[in-house]
Amino acid sequence: MISAKPSVIWLTGLSAAGKTSIAIQLLELFKSINVIPELLDGDEIRKLTGEYGFDEASRIRHNLRVGQMAATLEKEGKIVVVAMISPYAEIRKQVRNRCDHYIEVYVATDLECCIQRDPKGLYKKAMAGEILHFTGISSPYEVPLDAEIVLDTKFQAVEESARLIFDFYQRKIIN
């Protein structure tokens, strides 16, 4: 068993890229060594806070709120896994600066693959104009330039992706 060090592992990428699936698998890897991390999923936090806007101001507010929650939990001694689109580089930078140990994971699955998956039918609605401000369609996604890890679930299985993050955490944060 390894010792755990409080950290924030921030998964960012387009809708349907695989962020939540990877995060859930990553939690299982931590649990296998008797470490119970906190999961902050962007969609679930929206439900709890009642933040349903997707315009730029609402996204910024939501991302900063989740970032503050993650930084606070880290300071309380937790490993925090965050899965959310978080489309703005400046906001991700602000969150990084609030954390002591931050690992940014860019789930770089391309737009076409995400559209093909579309488990919630959101891309179809966005392309039909039924959803405004949809990241990757009518709102921008700023690709991370300084992510510690880049994954593509078009080519990597969820389990492999989670293992790469877990191994990175052990090498860079624990050692």
# chains A, B, ... in the order shown; residues from 1 in each chain; ligands from 1
call {"tool": "select_by_dssp", "arguments": {"residues": "range 90-143 of chain A", "states": "alpha helix (DSSP H)", "output": "ChimeraX atom specification"}}
result
/A:90-98,111-117,122-127
call {"tool": "select_by_dssp", "arguments": {"residues": "range 44-170 of chain A", "states": "strand (DSSP E or B)", "output": "ChimeraX atom specification"}}
result
/A:79-83,102-107,135,139,149-151
call {"tool": "atom_distance", "arguments": {"atom1": "CA of Thr20 in chain A", "atom2": "CA of Glu130 in chain A"}}
result
24.3 Å
call {"tool": "closest_residue", "arguments": {"among": "A:Ile115, A:Val107, A:Ala4, A:Ala70", "to": "Ala162 in chain A", "atoms": "only C-alpha atoms"}}
result
A:Val107
call {"tool": "residues_around", "arguments": {"residues": "Asp110 in chain A", "least_positions_apart": "6", "cutoff": "12 Å", "atoms": "only C-alpha atoms", "output": "list in words"}}
result
Gly13, Leu14, Ser15, Ala16, Ala17, Gly18, Gln116, Arg117, Gly136, Tyr141, Val143, Leu151, Asp152, Thr153, Lys154 and Phe155 of chain A
call {"tool": "write_last_selection", "arguments": {"atoms": "N, CA and C atoms", "output": "PDB file, in the first residue's frame"}}
result
ATOM      1  N   GLY A  13     -12.271  17.991 -20.690  1.00  0.00           N
ATOM      2  CA  GLY A  13     -12.447  17.540 -22.072  1.00  0.00           C
ATOM      3  C   GLY A  13     -13.896  17.745 -22.485  1.00  0.00           C
ATOM      4  N   LEU A  14     -14.185  17.461 -23.716  1.00  0.00           N
ATOM      5  CA  LEU A  14     -15.528  17.652 -24.256  1.00  0.00           C
ATOM      6  C   LEU A  14     -16.541  16.707 -23.597  1.00  0.00           C
ATOM      7  N   SER A  15     -17.803  17.047 -23.741  1.00  0.00           N
ATOM      8  CA  SER A  15     -18.877  16.171 -23.299  1.00  0.00           C
ATOM      9  C   SER A  15     -18.759  14.837 -24.035  1.00  0.00           C
ATOM     10  N   ALA A  16     -18.898  13.733 -23.320  1.00  0.00           N
ATOM     11  CA  ALA A  16     -18.817  12.366 -23.850  1.00  0.00           C
ATOM     12  C   ALA A  16     -17.393  11.928 -24.175  1.00  0.00           C
ATOM     13  N   ALA A  17     -16.398  12.671 -23.706  1.00  0.00           N
ATOM     14  CA  ALA A  17     -15.003  12.279 -23.945  1.00  0.00           C
ATOM     15  C   ALA A  17     -14.599  11.088 -23.091  1.00  0.00           C
ATOM     16  N   GLY A  18     -15.276  10.903 -21.954  1.00  0.00           N
ATOM     17  CA  GLY A  18     -14.953   9.784 -21.068  1.00  0.00           C
ATOM     18  C   GLY A  18     -14.475  10.200 -19.689  1.00  0.00           C
ATOM     19  N   GLN A 116     -20.398  10.843 -31.945  1.00  0.00           N
ATOM     20  CA  GLN A 116     -20.861   9.469 -32.196  1.00  0.00           C
ATOM     21  C   GLN A 116     -21.364   8.809 -30.916  1.00  0.00           C
ATOM     22  N   ARG A 117     -20.688   9.065 -29.809  1.00  0.00           N
ATOM     23  CA  ARG A 117     -21.105   8.466 -28.530  1.00  0.00           C
ATOM     24  C   ARG A 117     -22.396   9.110 -28.050  1.00  0.00           C
ATOM     25  N   GLY A 136     -17.900  22.955 -27.852  1.00  0.00           N
ATOM     26  CA  GLY A 136     -17.471  22.175 -29.009  1.00  0.00           C
ATOM     27  C   GLY A 136     -18.343  22.396 -30.227  1.00  0.00           C
ATOM     28  N   TYR A 141     -13.938  25.456 -26.663  1.00  0.00           N
ATOM     29  CA  TYR A 141     -13.205  24.668 -25.683  1.00  0.00           C
ATOM     30  C   TYR A 141     -11.738  24.990 -25.921  1.00  0.00           C
ATOM     31  N   VAL A 143      -8.147  24.116 -25.539  1.00  0.00           N
ATOM     32  CA  VAL A 143      -7.347  22.918 -25.313  1.00  0.00           C
ATOM     33  C   VAL A 143      -6.230  23.230 -24.316  1.00  0.00           C
ATOM     34  N   LEU A 151      -4.988  12.053 -22.557  1.00  0.00           N
ATOM     35  CA  LEU A 151      -5.572  10.740 -22.847  1.00  0.00           C
ATOM     36  C   LEU A 151      -6.539  10.865 -24.016  1.00  0.00           C
ATOM     37  N   ASP A 152      -6.751   9.803 -24.725  1.00  0.00           N
ATOM     38  CA  ASP A 152      -7.742   9.786 -25.796  1.00  0.00           C
ATOM     39  C   ASP A 152      -8.494   8.460 -25.717  1.00  0.00           C
ATOM     40  N   THR A 153      -9.740   8.529 -25.256  1.00  0.00           N
ATOM     41  CA  THR A 153     -10.517   7.303 -25.065  1.00  0.00           C
ATOM     42  C   THR A 153     -10.989   6.693 -26.378  1.00  0.00           C
ATOM     43  N   LYS A 154     -10.690   7.340 -27.477  1.00  0.00           N
ATOM     44  CA  LYS A 154     -10.943   6.714 -28.775  1.00  0.00           C
ATOM     45  C   LYS A 154      -9.944   5.572 -28.975  1.00  0.00           C
ATOM     46  N   PHE A 155      -8.765   5.725 -28.386  1.00  0.00           N
ATOM     47  CA  PHE A 155      -7.691   4.754 -28.562  1.00  0.00           C
ATOM     48  C   PHE A 155      -7.297   4.039 -27.273  1.00  0.00           C
TER      49      PHE A 155
END
call {"tool": "residues_around", "arguments": {"residues": "Ala147 in chain A", "least_positions_apart": "6", "cutoff": "8 Å", "atoms": "only C-alpha atoms", "output": "NGL selection string"}}
result
:A and (103-106)
call {"tool": "residues_around", "arguments": {"residues": "Arg163 in chain A", "least_positions_apart": "5", "cutoff": "12 Å", "atoms": "only C-alpha atoms", "output": "PyMOL selection string"}}
result
chain A and resi 22-30+149+151+156-158+168-170
call {"tool": "closest_atom_pairs", "arguments": {"of": "range 76-142 of chain A", "to": "range 45-51 of chain A", "cutoff": "12 Å", "atoms": "only C-alpha atoms", "output": "Markdown table"}}
result
| residue | atom | partner | partner_atom | distance |
| --- | --- | --- | --- | --- |
| A:Val82 | CA | A:Ile45 | CA | 10.4 |
| A:Ala83 | CA | A:Ile45 | CA | 10.3 |
| A:Met84 | CA | A:Ile45 | CA | 9.7 |
call {"tool": "write_last_selection", "arguments": {"atoms": "C-alpha atoms", "output": "PDB file, in the first residue's frame"}}
result
ATOM      1  CA  VAL A  82     -12.850  16.321 -10.631  1.00  0.00           C
ATOM      2  CA  ALA A  83     -14.598  15.428 -13.895  1.00  0.00           C
ATOM      3  CA  MET A  84     -15.964  18.405 -15.806  1.00  0.00           C
TER       4      MET A  84
END
call {"tool": "closest_residue", "arguments": {"among": "A:Thr12, A:Thr135, A:Ser86, A:Thr109", "to": "Arg65 in chain A", "atoms": "only C-alpha atoms"}}
result
A:Ser86
call {"tool": "residues_around", "arguments": {"residues": "Phe134 in chain A", "least_positions_apart": "6", "cutoff": "12 Å", "atoms": "only C-alpha atoms", "output": "list in words"}}
result
Leu14, Ser15, Gly53, Phe54, Asp55, Glu56, Arg59, Ile85, Pro87, Leu122, Tyr123, Lys124, Lys125, Ala126, Met127, Ala128, Pro140 and Tyr141 of chain A
call {"tool": "residues_around", "arguments": {"residues": "Gln68 in chain A", "least_positions_apart": "4", "cutoff": "9 Å", "atoms": "only C-alpha atoms", "output": "NGL selection string"}}
result
:A and (63-64 or 72-73 or 95 or 98-99)
call {"tool": "write_last_selection", "arguments": {"atoms": "N, CA and C atoms", "output": "short mmCIF file (atom, residue, chain, number, x, y, z; two decimals), in the first residue's frame"}}
result
data_model
loop_
_atom_site.label_atom_id
_atom_site.label_comp_id
_atom_site.auth_asym_id
_atom_site.auth_seq_id
_atom_site.Cartn_x
_atom_site.Cartn_y
_atom_site.Cartn_z
N ASN A 63 -17.34 26.63 -12.71
CA ASN A 63 -15.99 26.06 -12.66
C ASN A 63 -15.21 26.59 -11.46
N LEU A 64 -15.33 27.87 -11.17
CA LEU A 64 -14.64 28.43 -10.01
C LEU A 64 -15.20 27.85 -8.71
N THR A 72 -10.45 23.29 -1.30
CA THR A 72 -10.79 23.19 0.13
C THR A 72 -10.68 21.75 0.60
N LEU A 73 -11.22 20.81 -0.16
CA LEU A 73 -11.13 19.39 0.21
C LEU A 73 -9.67 18.92 0.24
N VAL A 95 -7.70 27.61 -10.85
CA VAL A 95 -7.90 26.47 -9.96
C VAL A 95 -6.55 25.84 -9.62
N ARG A 98 -4.81 27.56 -6.86
CA ARG A 98 -5.42 27.40 -5.54
C ARG A 98 -5.03 26.09 -4.86
N CYS A 99 -4.51 25.16 -5.65
CA CYS A 99 -4.23 23.82 -5.14
C CYS A 99 -2.74 23.65 -4.86
#
call {"tool": "atom_distance", "arguments": {"atom1": "CA of Val8 in chain A", "atom2": "CA of Ala71 in chain A"}}
result
7.2 Å
call {"tool": "closest_residue", "arguments": {"among": "A:Asn34, A:Glu160, A:Glu76, A:Glu148", "to": "Arg96 in chain A", "atoms": "only C-alpha atoms"}}
result
A:Glu148
call {"tool": "closest_residue", "arguments": {"among": "A:Asp41, A:Ser138, A:His133, A:Glu112", "to": "Ser21 in chain A", "atoms": "only C-alpha atoms"}}
result
A:Asp41
call {"tool": "closest_residue", "arguments": {"among": "A:Ser139, A:Ile79, A:Val35, A:Ala57", "to": "Tyr102 in chain A", "atoms": "only C-alpha atoms"}}
result
A:Ile79
